[in-house]
>>> print(open('model.cif').read())   # mmCIF, C-alpha atoms
data_model
#
loop_
_atom_site.label_atom_id
_atom_site.label_comp_id
_atom_site.auth_asym_id
_atom_site.auth_seq_id
_atom_site.Cartn_x
_atom_site.Cartn_y
_atom_site.Cartn_z
CA MET A 1 3.80 -20.28 4.15
CA PRO A 2 3.44 -22.61 7.12
CA SER A 3 6.57 -23.59 8.95
CA LYS A 4 7.64 -27.13 9.81
CA ASN A 5 6.17 -26.76 13.26
CA PHE A 6 2.70 -26.33 11.81
CA VAL A 7 0.79 -27.03 15.00
CA SER A 8 2.05 -23.84 16.64
CA THR A 9 1.31 -21.74 13.57
CA LEU A 10 -2.27 -22.88 12.94
CA SER A 11 -4.80 -20.12 13.45
CA TYR A 12 -8.27 -20.62 14.84
CA LYS A 13 -9.71 -19.53 11.50
CA GLU A 14 -7.72 -22.17 9.65
CA VAL A 15 -8.72 -24.89 12.11
CA LEU A 16 -12.38 -23.92 11.74
CA PHE A 17 -12.00 -23.82 7.97
CA GLN A 18 -10.47 -27.30 7.89
CA VAL A 19 -13.17 -28.73 10.16
CA LEU A 20 -15.95 -27.32 8.00
CA LEU A 21 -14.19 -28.42 4.81
CA HIS A 22 -13.75 -31.99 6.04
CA GLY A 23 -17.37 -32.09 7.15
CA VAL A 24 -18.65 -30.94 3.75
CA VAL A 25 -16.38 -33.29 1.82
CA PHE A 26 -17.37 -36.24 4.02
CA VAL A 27 -21.06 -35.55 3.37
CA PHE A 28 -20.51 -35.63 -0.39
CA TYR A 29 -18.24 -38.66 -0.10
CA SER A 30 -20.61 -40.78 1.98
CA TYR A 31 -23.95 -39.68 0.54
CA ASP A 32 -25.87 -42.41 -1.25
CA ARG A 33 -29.54 -41.87 -1.94
CA ARG A 34 -30.12 -45.60 -2.00
CA ASN A 35 -28.64 -45.87 1.50
CA PRO A 36 -28.81 -42.50 3.31
CA GLN A 37 -27.21 -43.90 6.48
CA VAL A 38 -23.51 -43.38 7.21
CA GLU A 39 -21.71 -46.71 7.43
CA SER A 40 -18.72 -47.30 9.69
CA TYR A 41 -16.48 -48.32 6.78
CA GLN A 42 -17.12 -44.97 5.12
CA VAL A 43 -15.83 -43.19 8.22
CA VAL A 44 -12.69 -45.36 8.28
CA PHE A 45 -11.97 -44.85 4.59
CA PHE A 46 -12.47 -41.09 4.89
CA LEU A 47 -10.22 -40.90 7.96
CA THR A 48 -7.49 -42.58 5.92
CA TYR A 49 -7.86 -39.96 3.20
CA ALA A 50 -7.94 -37.15 5.79
CA VAL A 51 -4.70 -38.38 7.38
CA ALA A 52 -3.06 -38.52 3.95
CA ALA A 53 -4.26 -34.98 3.17
CA LEU A 54 -2.98 -33.84 6.58
CA ILE A 55 0.50 -35.16 5.76
CA ILE A 56 0.47 -33.54 2.33
CA ASN A 57 -0.92 -30.22 3.56
CA TYR A 58 1.21 -29.62 6.63
CA LEU A 59 4.38 -31.57 5.89
CA LEU A 60 4.93 -31.97 2.16
CA LEU A 61 3.56 -28.61 0.98
CA PRO A 62 5.66 -26.39 3.29
CA ARG A 63 8.75 -28.59 3.30
CA PHE A 64 9.01 -29.33 -0.42
CA LEU A 65 6.53 -27.54 -2.72
CA TYR A 66 6.84 -24.10 -1.08
CA GLN A 67 10.61 -24.54 -1.02
CA LYS A 68 10.53 -25.20 -4.78
CA LYS A 69 11.61 -28.81 -4.34
CA HIS A 70 9.07 -30.08 -6.82
CA LEU A 71 10.52 -33.52 -7.55
CA GLN A 72 10.71 -34.35 -3.85
CA PHE A 73 7.14 -33.18 -3.39
CA VAL A 74 5.85 -35.34 -6.25
CA GLY A 75 7.82 -38.34 -5.03
CA TRP A 76 6.62 -38.13 -1.44
CA THR A 77 3.04 -37.47 -2.54
CA ILE A 78 3.05 -40.59 -4.71
CA MET A 79 4.43 -42.53 -1.76
CA VAL A 80 1.67 -41.25 0.57
CA ILE A 81 -1.03 -42.20 -1.95
CA ALA A 82 0.57 -45.62 -2.43
CA VAL A 83 0.47 -46.20 1.33
CA VAL A 84 -3.21 -45.21 1.41
CA ILE A 85 -4.02 -47.69 -1.35
CA PHE A 86 -2.04 -50.41 0.42
CA VAL A 87 -3.84 -49.78 3.73
CA GLU A 88 -7.18 -49.90 1.93
CA GLU A 89 -6.47 -53.13 0.11
CA ALA A 90 -4.48 -54.99 2.78
CA VAL A 91 -6.25 -53.87 5.93
CA ILE A 92 -9.57 -52.02 5.66
CA GLU A 93 -11.13 -54.08 2.88
CA GLN A 94 -9.99 -57.29 4.56
CA ILE A 95 -11.90 -56.21 7.66
CA TYR A 96 -15.11 -54.88 6.09
CA PHE A 97 -15.29 -56.81 2.80
CA PRO A 98 -13.40 -60.10 3.29
CA ASP A 99 -15.67 -62.06 0.95
CA THR A 100 -15.99 -59.52 -1.88
CA ARG A 101 -13.61 -56.62 -2.50
CA GLY A 102 -11.05 -58.01 -0.10
CA GLN A 103 -10.50 -61.18 -2.12
CA ARG A 104 -8.70 -59.57 -5.04
CA PHE A 105 -6.96 -56.33 -6.09
CA LEU A 106 -8.98 -54.50 -8.73
CA GLY A 107 -6.05 -52.48 -10.02
CA VAL A 108 -4.19 -49.23 -9.41
CA PHE A 109 -6.44 -47.05 -11.57
CA PHE A 110 -9.57 -48.32 -9.89
CA SER A 111 -8.05 -47.57 -6.47
CA LEU A 112 -6.89 -44.12 -7.56
CA TRP A 113 -10.41 -43.33 -8.72
CA GLY A 114 -11.59 -43.69 -5.14
CA VAL A 115 -8.58 -42.09 -3.41
CA LEU A 116 -7.54 -39.11 -5.52
CA PRO A 117 -10.77 -37.04 -5.64
CA VAL A 118 -11.05 -36.70 -1.85
CA ILE A 119 -7.34 -36.08 -1.23
CA THR A 120 -7.18 -33.63 -4.13
CA VAL A 121 -10.08 -31.59 -2.79
CA LEU A 122 -8.70 -31.49 0.77
CA SER A 123 -5.19 -30.59 -0.39
CA GLY A 124 -6.39 -28.17 -3.06
CA PHE A 125 -8.34 -26.07 -0.58
CA LYS A 126 -5.34 -26.01 1.76
CA PHE A 127 -3.13 -24.79 -1.08
CA ALA A 128 -5.69 -22.09 -1.91
CA TRP A 129 -5.85 -21.05 1.76
CA ASP A 130 -2.07 -20.70 1.92
CA ALA A 131 -2.06 -18.70 -1.32
CA VAL A 132 -4.63 -16.26 0.10
CA MET A 133 -2.68 -15.89 3.35
CA LYS A 134 0.56 -15.37 1.45
CA GLN A 135 -1.01 -12.67 -0.71
CA ARG A 136 -2.29 -10.95 2.43
CA GLU A 137 1.22 -10.98 3.89
CA VAL A 138 2.60 -9.54 0.65
CA ASP A 139 -0.02 -6.77 0.68
CA GLU A 140 0.76 -5.93 4.30
CA LEU A 141 4.48 -5.87 3.54
CA LYS A 142 3.91 -3.58 0.56
CA ALA A 143 1.83 -1.25 2.72
CA THR A 144 4.56 -1.20 5.39
CA ILE A 145 7.27 -0.48 2.84
CA GLN A 146 5.16 2.24 1.25
CA GLU A 147 4.48 3.87 4.61
CA SER A 148 8.18 3.72 5.52
CA GLU A 149 9.11 5.30 2.21
CA LEU A 150 6.55 8.06 2.69
CA GLN A 151 7.84 8.82 6.18
CA PHE A 152 11.40 8.89 4.84
CA LEU A 153 10.47 11.28 2.05
CA LYS A 154 8.63 13.58 4.47
CA SER A 155 11.59 13.54 6.85
CA GLN A 156 13.76 14.80 4.00
CA ILE A 157 11.43 17.71 3.26
CA ASN A 158 11.38 19.16 6.78
CA PRO A 159 15.18 19.63 7.23
CA HIS A 160 15.40 20.98 3.67
CA PHE A 161 12.81 23.65 4.43
CA LEU A 162 14.28 24.48 7.84
CA PHE A 163 17.82 24.84 6.50
CA ASN A 164 16.83 27.38 3.85
CA ASN A 165 14.72 29.55 6.13
CA LEU A 166 17.13 29.57 9.05
CA ASN A 167 19.74 31.00 6.71
CA ASN A 168 17.34 33.79 5.75
CA LEU A 169 16.46 34.41 9.39
CA TYR A 170 20.13 34.65 10.26
CA SER A 171 20.74 37.31 7.61
CA TYR A 172 17.82 39.41 8.95
CA ALA A 173 19.04 39.04 12.52
CA ILE A 174 22.53 40.23 11.52
CA ASP A 175 21.01 43.42 10.12
CA TYR A 176 18.72 43.90 13.18
CA SER A 177 15.76 44.00 10.81
CA PRO A 178 12.41 44.92 12.43
CA GLN A 179 10.86 42.13 10.32
CA THR A 180 12.73 39.45 12.27
CA PRO A 181 9.91 38.82 14.82
CA GLU A 182 7.39 38.45 12.01
CA ILE A 183 9.65 35.94 10.26
CA ILE A 184 10.02 33.96 13.48
CA LEU A 185 6.24 33.82 13.98
CA LYS A 186 5.59 32.68 10.42
CA LEU A 187 8.38 30.12 10.57
CA SER A 188 7.10 28.83 13.91
CA SER A 189 3.60 28.40 12.49
CA VAL A 190 4.79 26.47 9.45
CA LEU A 191 7.15 24.27 11.46
CA ARG A 192 4.44 23.51 14.02
CA TYR A 193 2.23 22.36 11.20
CA MET A 194 4.97 20.21 9.72
CA LEU A 195 6.02 18.60 12.98
CA TYR A 196 2.68 18.01 14.69
CA GLU A 197 -0.13 18.15 12.14
CA CYS A 198 1.50 16.37 9.20
CA LYS A 199 2.04 13.00 10.85
CA GLU A 200 -1.01 11.59 9.09
CA LYS A 201 -0.89 10.51 5.46
CA PHE A 202 -3.63 13.03 4.61
CA VAL A 203 -4.64 16.35 6.16
CA SER A 204 -7.46 18.84 5.63
CA LEU A 205 -7.03 20.81 2.43
CA THR A 206 -8.09 23.97 4.28
CA LYS A 207 -5.21 23.60 6.74
CA GLU A 208 -2.77 22.85 3.95
CA ILE A 209 -3.76 25.98 2.03
CA GLU A 210 -3.50 28.06 5.18
CA GLN A 211 0.08 26.93 5.63
CA LEU A 212 0.84 27.50 1.97
CA GLU A 213 -0.25 31.11 2.50
CA ASN A 214 1.93 31.39 5.62
CA PHE A 215 4.87 29.96 3.75
CA THR A 216 4.34 32.30 0.81
CA GLN A 217 4.19 35.35 3.10
CA LEU A 218 7.29 34.12 4.91
CA SER A 219 9.18 33.76 1.66
CA GLN A 220 7.80 37.05 0.35
CA LEU A 221 9.53 38.89 3.20
CA GLN A 222 12.82 37.81 1.67
CA ILE A 223 12.00 39.55 -1.61
CA GLU A 224 10.83 42.86 -0.12
CA GLU A 225 10.67 45.43 -2.93
CA ARG A 226 12.46 43.32 -5.51
CA GLY A 227 9.37 41.85 -7.12
CA VAL A 228 5.70 40.86 -6.96
CA VAL A 229 4.29 37.72 -5.39
CA SER A 230 0.69 36.67 -6.02
CA PHE A 231 -1.08 33.93 -4.06
CA SER A 232 -4.68 33.05 -4.88
CA ALA A 233 -6.77 30.20 -3.49
CA GLN A 234 -10.36 29.51 -4.52
CA VAL A 235 -11.70 26.33 -3.04
CA TYR A 236 -15.37 25.38 -3.12
CA GLN A 237 -15.46 22.11 -1.25
CA PRO A 238 -17.29 19.90 1.20
CA ASP A 239 -13.86 19.69 2.85
CA TYR A 240 -11.39 17.52 1.02
CA GLN A 241 -8.15 15.97 2.19
CA ILE A 242 -4.71 16.12 0.64
CA ALA A 243 -1.30 14.63 1.27
CA PRO A 244 0.67 17.27 3.20
CA LEU A 245 3.86 18.98 2.09
CA ILE A 246 3.45 18.40 -1.63
CA LEU A 247 2.42 21.79 -2.99
CA ILE A 248 4.80 23.64 -0.69
CA VAL A 249 7.80 22.10 -2.47
CA PHE A 250 6.90 23.77 -5.76
CA ILE A 251 6.42 27.14 -4.06
CA GLU A 252 9.76 26.83 -2.28
CA ASN A 253 11.50 25.98 -5.54
CA ALA A 254 9.89 28.98 -7.25
CA PHE A 255 11.28 31.42 -4.68
CA LYS A 256 14.66 29.74 -4.65
CA HIS A 257 14.87 29.65 -8.43
CA SER A 258 13.94 33.30 -8.91
CA GLN A 259 16.09 34.74 -6.14
CA ALA A 260 19.17 32.80 -7.15
CA SER A 261 19.14 34.18 -10.69
CA GLN A 262 18.01 37.79 -10.32
CA SER A 263 18.05 40.60 -7.81
CA GLU A 264 14.99 42.50 -9.06
CA ASN A 265 11.80 42.17 -11.14
CA ILE A 266 10.96 38.86 -9.47
CA LEU A 267 7.52 37.59 -10.48
CA ILE A 268 5.90 34.61 -8.73
CA ASP A 269 2.28 33.63 -9.30
CA ILE A 270 0.60 30.84 -7.30
CA THR A 271 -2.99 29.69 -7.78
CA VAL A 272 -4.98 26.89 -6.19
CA GLN A 273 -8.45 25.91 -7.37
CA LEU A 274 -10.71 23.05 -6.37
CA SER A 275 -13.90 22.11 -8.16
CA GLU A 276 -16.93 20.68 -6.39
CA ASP A 277 -16.05 17.15 -7.49
CA GLY A 278 -12.65 17.29 -5.79
CA ALA A 279 -10.46 18.06 -8.82
CA LEU A 280 -7.57 20.22 -7.57
CA GLU A 281 -5.63 22.42 -9.98
CA PHE A 282 -2.40 23.95 -8.75
CA SER A 283 -0.25 26.33 -10.75
CA CYS A 284 3.03 27.95 -9.78
CA LYS A 285 4.89 30.28 -12.15
CA ASN A 286 8.13 32.15 -11.61
CA ASN A 287 10.52 34.06 -13.81
CA PHE A 288 14.29 33.69 -13.73
CA GLN A 289 17.44 34.63 -15.56
CA SER A 290 19.45 31.87 -17.20
CA VAL A 291 22.73 31.69 -15.34
CA ALA A 292 25.06 28.78 -14.63
CA ASN A 293 24.24 28.37 -10.95
CA THR A 294 20.52 27.81 -11.58
CA ASP A 295 20.80 24.91 -14.00
CA ASN A 296 20.16 22.26 -11.35
CA LEU A 297 17.78 24.12 -9.05
CA ALA A 298 14.71 22.47 -10.51
CA GLN A 299 16.15 19.00 -9.92
CA GLY A 300 16.66 19.22 -6.16
CA ILE A 301 15.80 16.69 -3.48
CA GLY A 302 12.44 18.27 -2.74
CA LEU A 303 11.15 17.95 -6.31
CA GLU A 304 12.28 14.35 -6.69
CA ASN A 305 10.65 13.45 -3.39
CA VAL A 306 7.35 15.04 -4.27
CA LYS A 307 7.26 13.10 -7.54
CA LYS A 308 7.74 9.85 -5.64
CA ARG A 309 5.05 10.76 -3.12
CA LEU A 310 2.61 11.56 -5.91
CA GLN A 311 3.26 8.18 -7.48
CA LEU A 312 2.72 6.42 -4.15
CA LEU A 313 -0.33 8.34 -2.94
CA TYR A 314 -2.09 9.33 -6.16
CA PRO A 315 -1.43 6.58 -8.69
CA ASN A 316 -3.44 7.27 -11.85
CA ALA A 317 -5.06 10.22 -10.04
CA HIS A 318 -2.66 13.07 -10.76
CA GLN A 319 -0.94 14.83 -13.63
CA LEU A 320 2.25 16.83 -13.15
CA THR A 321 3.53 19.08 -15.93
CA ILE A 322 6.68 21.19 -15.67
CA ASP A 323 7.41 23.67 -18.46
CA GLU A 324 10.59 25.69 -18.65
CA THR A 325 11.17 28.42 -21.21
CA GLU A 326 14.02 30.87 -21.58
CA ASN A 327 12.97 32.97 -18.60
CA GLN A 328 9.90 31.33 -17.06
CA TYR A 329 9.35 28.18 -15.05
CA GLU A 330 5.81 26.83 -14.64
CA VAL A 331 4.49 23.89 -12.64
CA TYR A 332 0.98 22.60 -13.22
CA LEU A 333 -0.42 19.84 -11.01
CA SER A 334 -3.89 18.35 -11.14
CA MET A 335 -5.03 15.90 -8.46
CA GLN A 336 -8.24 14.05 -7.70
CA LEU A 337 -8.80 14.50 -3.98
CA LYS A 338 -10.99 12.52 -1.61
CA ARG A 339 -13.56 13.99 0.72
CA LEU A 340 -13.22 14.31 4.51
CA ASN A 341 -16.89 14.88 5.34
CA LYS A 342 -20.17 15.99 3.79
CA GLU A 343 -20.37 19.49 5.23
CA LYS A 344 -19.97 22.19 2.60
CA MET A 345 -17.31 24.75 3.29
CA VAL A 346 -16.02 27.67 1.26
CA TYR A 347 -12.49 28.95 1.44
CA GLN A 348 -11.58 32.00 -0.63
CA HIS A 349 -8.56 34.12 -0.07
CA THR A 350 -6.33 36.29 -2.23
CA THR A 351 -3.13 38.02 -1.24
#
>>> encode(input="model.cif", output="structure tokens")
Amino acid sequence: MPSKNFVSTLSYKEVLFQVLLHGVVFVFYSYDRRNPQVESYQVVFFLTYAVAALIINYLLLPRFLYQKKHLQFVGWTIMVIAVVIFVEEAVIEQIYFPDTRGQRFLGVFFSLWGVLPVITVLSGFKFAWDAVMKQREVDELKATIQESELQFLKSQINPHFLFNNLNNLYSYAIDYSPQTPEIILKLSSVLRYMLYECKEKFVSLTKEIEQLENFTQLSQLQIEERGVVSFSAQVYQPDYQIAPLILIVFIENAFKHSQASQSENILIDITVQLSEDGALEFSCKNNFQSVANTDNLAQGIGLENVKKRLQLLYPNAHQLTIDETENQYEVYLSMQLKRLNKEKMVYQHTT
């Protein structure tokens, strides 16, 4: 709301709005079809009302009403209106109507009938203007907070991913594995995508799927001959966009969950499908053995973060289902994506 030093906080739009408002109100106030000319006394009376509205709008509203000092606001407003009535009766009418209206006081209610409508309209529109501006500030603040939260959540995902894969890379380097260069290349590709291409809130779905494939192949190197990993993507799309680093969390959890509980017969199945209307269906299944150290794997930081991001970015446009049986963990996510452009593209790949 406006500060006490309202002159310095007035915007050009508000000044223009007030000028136009006063002009329109004056036209309605002074119009008389029997006498279409504007009389000088009408200008003086209206200026008195405008000054009263100015005091209410830029002094009483911000100092009392917006500070929730309602009694003080009502008291000062009554005093301002009383001063206006006094000036009308004791000064203006004595100048312009000394022989008629200026000879006697017609009563408070009669005077209010002439004063209140104009002041109420001028002050009411100012109150509405402030309410609109305040709502805009609230919306901007919400957007800023939401963006900050999203950036915080994404910053948590990157170190989490890097920590896990550097440990795996270290173990391969210790054994002088010939697969170490391939792991480094895959890790470099995924990290480059995370650090440089995921700064925007949304990225191309094609790029996201490409990195999901890289990540899956990177993680598959850790399993070697201990199981089977299936990754399938079928996307018929005019090129849609998706929030980055959401699907990858479920894939990471699947590998982590399976490897932590069993040393062989690991089964991980990942599918991504997109219909022509932008409905994405993602499924990630993995088997595991029920042991004590896997009880909390599905409740890690990454999963909690991705749930929050889905709520922020896809409110009422996603459905996340997580089913856990005795030896299988399945994630199903459906999302309604938005389109990047109108060019039709086809992406099909199966590994």
>>> closest_atom_pairs(input="model.cif", of="range 147-246 of chain A", to="range 261-279 of chain A", cutoff="7 Å", atoms="all atoms listed in the file", output="CSV")
residue,atom,partner,partner_atom,distance
A:Arg226,CA,A:Glu264,CA,4.4
A:Gly227,CA,A:Ile266,CA,4.1
A:Val228,CA,A:Leu267,CA,5.1
A:Val229,CA,A:Ile268,CA,4.8
A:Ser230,CA,A:Asp269,CA,4.7
A:Phe231,CA,A:Ile270,CA,4.8
A:Ser232,CA,A:Thr271,CA,4.7
A:Ala233,CA,A:Val272,CA,4.6
A:Gln234,CA,A:Gln273,CA,5.0
A:Val235,CA,A:Leu274,CA,4.8
A:Tyr236,CA,A:Glu276,CA,5.9
A:Gln237,CA,A:Glu276,CA,5.5
A:Tyr240,CA,A:Gly278,CA,6.9
>>> resolve_selection(input="model.cif", expression="the PyMOL selection byres ((chain A and resi 215) around 10)", output="MDAnalysis selection string")
chainID A and resid 186:187 189:191 209:214 216:220 248 251:252
>>> resolve_selection(input="model.cif", expression="the PyMOL selection byres ((chain A and resi 198-201) around 10)", output="mmCIF file with C-alpha atoms, in the frame of the given file")
data_model
loop_
_atom_site.group_PDB
_atom_site.id
_atom_site.type_symbol
_atom_site.label_atom_id
_atom_site.label_comp_id
_atom_site.auth_asym_id
_atom_site.auth_seq_id
_atom_site.Cartn_x
_atom_site.Cartn_y
_atom_site.Cartn_z
ATOM 1 C CA GLU A 147 4.480 3.870 4.610
ATOM 2 C CA LEU A 150 6.550 8.060 2.690
ATOM 3 C CA GLN A 151 7.840 8.820 6.180
ATOM 4 C CA LYS A 154 8.630 13.580 4.470
ATOM 5 C CA LEU A 191 7.150 24.270 11.460
ATOM 6 C CA ARG A 192 4.440 23.510 14.020
ATOM 7 C CA TYR A 193 2.230 22.360 11.200
ATOM 8 C CA MET A 194 4.970 20.210 9.720
ATOM 9 C CA LEU A 195 6.020 18.600 12.980
ATOM 10 C CA TYR A 196 2.680 18.010 14.690
ATOM 11 C CA GLU A 197 -0.130 18.150 12.140
ATOM 12 C CA PHE A 202 -3.630 13.030 4.610
ATOM 13 C CA VAL A 203 -4.640 16.350 6.160
ATOM 14 C CA SER A 204 -7.460 18.840 5.630
ATOM 15 C CA GLU A 208 -2.770 22.850 3.950
ATOM 16 C CA GLN A 241 -8.150 15.970 2.190
ATOM 17 C CA ILE A 242 -4.710 16.120 0.640
ATOM 18 C CA ALA A 243 -1.300 14.630 1.270
ATOM 19 C CA PRO A 244 0.670 17.270 3.200
ATOM 20 C CA LEU A 245 3.860 18.980 2.090
ATOM 21 C CA LEU A 313 -0.330 8.340 -2.940
#
>>> atom_distance(input="model.cif", atom1="CA of Leu71 in chain A", atom2="CA of Leu54 in chain A")
19.5 Å
>>> closest_residue(input="model.cif", among="A:Phe250, A:Leu280, A:Glu324, A:Gly75", to="Val306 in chain A", atoms="all atoms listed in the file")
A:Phe250
>>> atom_distance(input="model.cif", atom1="CA of Asp323 in chain A", atom2="CA of Ala260 in chain A")
18.7 Å
>>> resolve_selection(input="model.cif", expression="the PyMOL selection byres ((chain A and resi 283) around 7)", output="NGL selection string")
:A and (270-272 or 281-282 or 284-285 or 331-333)
>>> residues_around(input="model.cif", residues="Ser30 in chain A", least_positions_apart="4", cutoff="10 Å", atoms="only C-alpha atoms", output="JSON list (two decimals) with C-alpha atoms, in the frame of the given file")
[["chain", "number", "residue", "atom", "x", "y", "z"],
["A", 25, "VAL", "CA", -16.38, -33.29, 1.82],
["A", 26, "PHE", "CA", -17.37, -36.24, 4.02],
["A", 35, "ASN", "CA", -28.64, -45.87, 1.50],
["A", 36, "PRO", "CA", -28.81, -42.50, 3.31],
["A", 37, "GLN", "CA", -27.21, -43.90, 6.48],
["A", 38, "VAL", "CA", -23.51, -43.38, 7.21],
["A", 39, "GLU", "CA", -21.71, -46.71, 7.43],
["A", 41, "TYR", "CA", -16.48, -48.32, 6.78],
["A", 42, "GLN", "CA", -17.12, -44.97, 5.12],
["A", 43, "VAL", "CA", -15.83, -43.19, 8.22],
["A", 45, "PHE", "CA", -11.97, -44.85, 4.59],
["A", 46, "PHE", "CA", -12.47, -41.09, 4.89]]
>>> atom_distance(input="model.cif", atom1="CA of Asn57 in chain A", atom2="CA of Val115 in chain A")
15.8 Å
>>> residues_around(input="model.cif", residues="Ala82 in chain A", least_positions_apart="3", cutoff="10 Å", atoms="all atoms listed in the file", output="JSON list (two decimals) with C-alpha atoms, in the coordinates of the input")
[["chain", "number", "residue", "atom", "x", "y", "z"],
["A", 76, "TRP", "CA", 6.62, -38.13, -1.44],
["A", 77, "THR", "CA", 3.04, -37.47, -2.54],
["A", 78, "ILE", "CA", 3.05, -40.59, -4.71],
["A", 79, "MET", "CA", 4.43, -42.53, -1.76],
["A", 85, "ILE", "CA", -4.02, -47.69, -1.35],
["A", 86, "PHE", "CA", -2.04, -50.41, 0.42],
["A", 87, "VAL", "CA", -3.84, -49.78, 3.73],
["A", 88, "GLU", "CA", -7.18, -49.90, 1.93],
["A", 108, "VAL", "CA", -4.19, -49.23, -9.41],
["A", 111, "SER", "CA", -8.05, -47.57, -6.47],
["A", 112, "LEU", "CA", -6.89, -44.12, -7.56],
["A", 115, "VAL", "CA", -8.58, -42.09, -3.41]]
>>> closest_residue(input="model.cif", among="A:Thr325, A:Leu340, A:Lys69, A:Asn168", to="Gln259 in chain A", atoms="only C-alpha atoms")
A:Asn168
>>> closest_residue(input="model.cif", among="A:Val80, A:Leu166, A:Val132, A:Leu20", to="Leu59 in chain A", atoms="only C-alpha atoms")
A:Val80
>>> residues_near_point(input="model.cif", point="(16.1, 40.4, 9.2)", cutoff="9 Å", atoms="all atoms listed in the file", output="number ranges by chain")
A: 168-181, 183, 222
>>> decode(input="model.cif", residues="range 306-318 of chain A", atoms="N, CA and C atoms", output="mmCIF file, in the first residue's frame")
data_model
loop_
_atom_site.group_PDB
_atom_site.id
_atom_site.type_symbol
_atom_site.label_atom_id
_atom_site.label_comp_id
_atom_site.auth_asym_id
_atom_site.auth_seq_id
_atom_site.Cartn_x
_atom_site.Cartn_y
_atom_site.Cartn_z
ATOM 1 N N VAL A 306 11.099 -34.145 -5.819
ATOM 2 C CA VAL A 306 10.377 -34.252 -7.078
ATOM 3 C C VAL A 306 8.871 -34.137 -6.839
ATOM 4 N N LYS A 307 8.384 -34.598 -5.717
ATOM 5 C CA LYS A 307 6.974 -34.430 -5.380
ATOM 6 C C LYS A 307 6.631 -32.953 -5.217
ATOM 7 N N LYS A 308 7.502 -32.208 -4.560
ATOM 8 C CA LYS A 308 7.265 -30.778 -4.384
ATOM 9 C C LYS A 308 7.302 -30.046 -5.723
ATOM 10 N N ARG A 309 8.236 -30.422 -6.573
ATOM 11 C CA ARG A 309 8.337 -29.769 -7.884
ATOM 12 C C ARG A 309 7.106 -30.061 -8.735
ATOM 13 N N LEU A 310 6.603 -31.274 -8.664
ATOM 14 C CA LEU A 310 5.391 -31.611 -9.404
ATOM 15 C C LEU A 310 4.207 -30.781 -8.917
ATOM 16 N N GLN A 311 4.117 -30.577 -7.622
ATOM 17 C CA GLN A 311 3.029 -29.771 -7.081
ATOM 18 C C GLN A 311 3.148 -28.314 -7.507
ATOM 19 N N LEU A 312 4.375 -27.817 -7.618
ATOM 20 C CA LEU A 312 4.583 -26.424 -8.002
ATOM 21 C C LEU A 312 4.391 -26.197 -9.493
ATOM 22 N N LEU A 313 4.897 -27.123 -10.309
ATOM 23 C CA LEU A 313 4.919 -26.911 -11.751
ATOM 24 C C LEU A 313 3.731 -27.520 -12.487
ATOM 25 N N TYR A 314 3.149 -28.571 -11.934
ATOM 26 C CA TYR A 314 2.034 -29.235 -12.601
ATOM 27 C C TYR A 314 0.850 -29.403 -11.648
ATOM 28 N N PRO A 315 0.376 -28.325 -11.073
ATOM 29 C CA PRO A 315 -0.796 -28.448 -10.188
ATOM 30 C C PRO A 315 -2.022 -28.883 -10.989
ATOM 31 N N ASN A 316 -2.674 -29.917 -10.503
ATOM 32 C CA ASN A 316 -3.872 -30.459 -11.167
ATOM 33 C C ASN A 316 -3.588 -30.937 -12.585
ATOM 34 N N ALA A 317 -2.324 -31.205 -12.905
ATOM 35 C CA ALA A 317 -1.969 -31.673 -14.250
ATOM 36 C C ALA A 317 -1.027 -32.869 -14.185
ATOM 37 N N HIS A 318 -1.012 -33.567 -13.068
ATOM 38 C CA HIS A 318 -0.170 -34.758 -12.964
ATOM 39 C C HIS A 318 -0.792 -35.734 -11.970
#
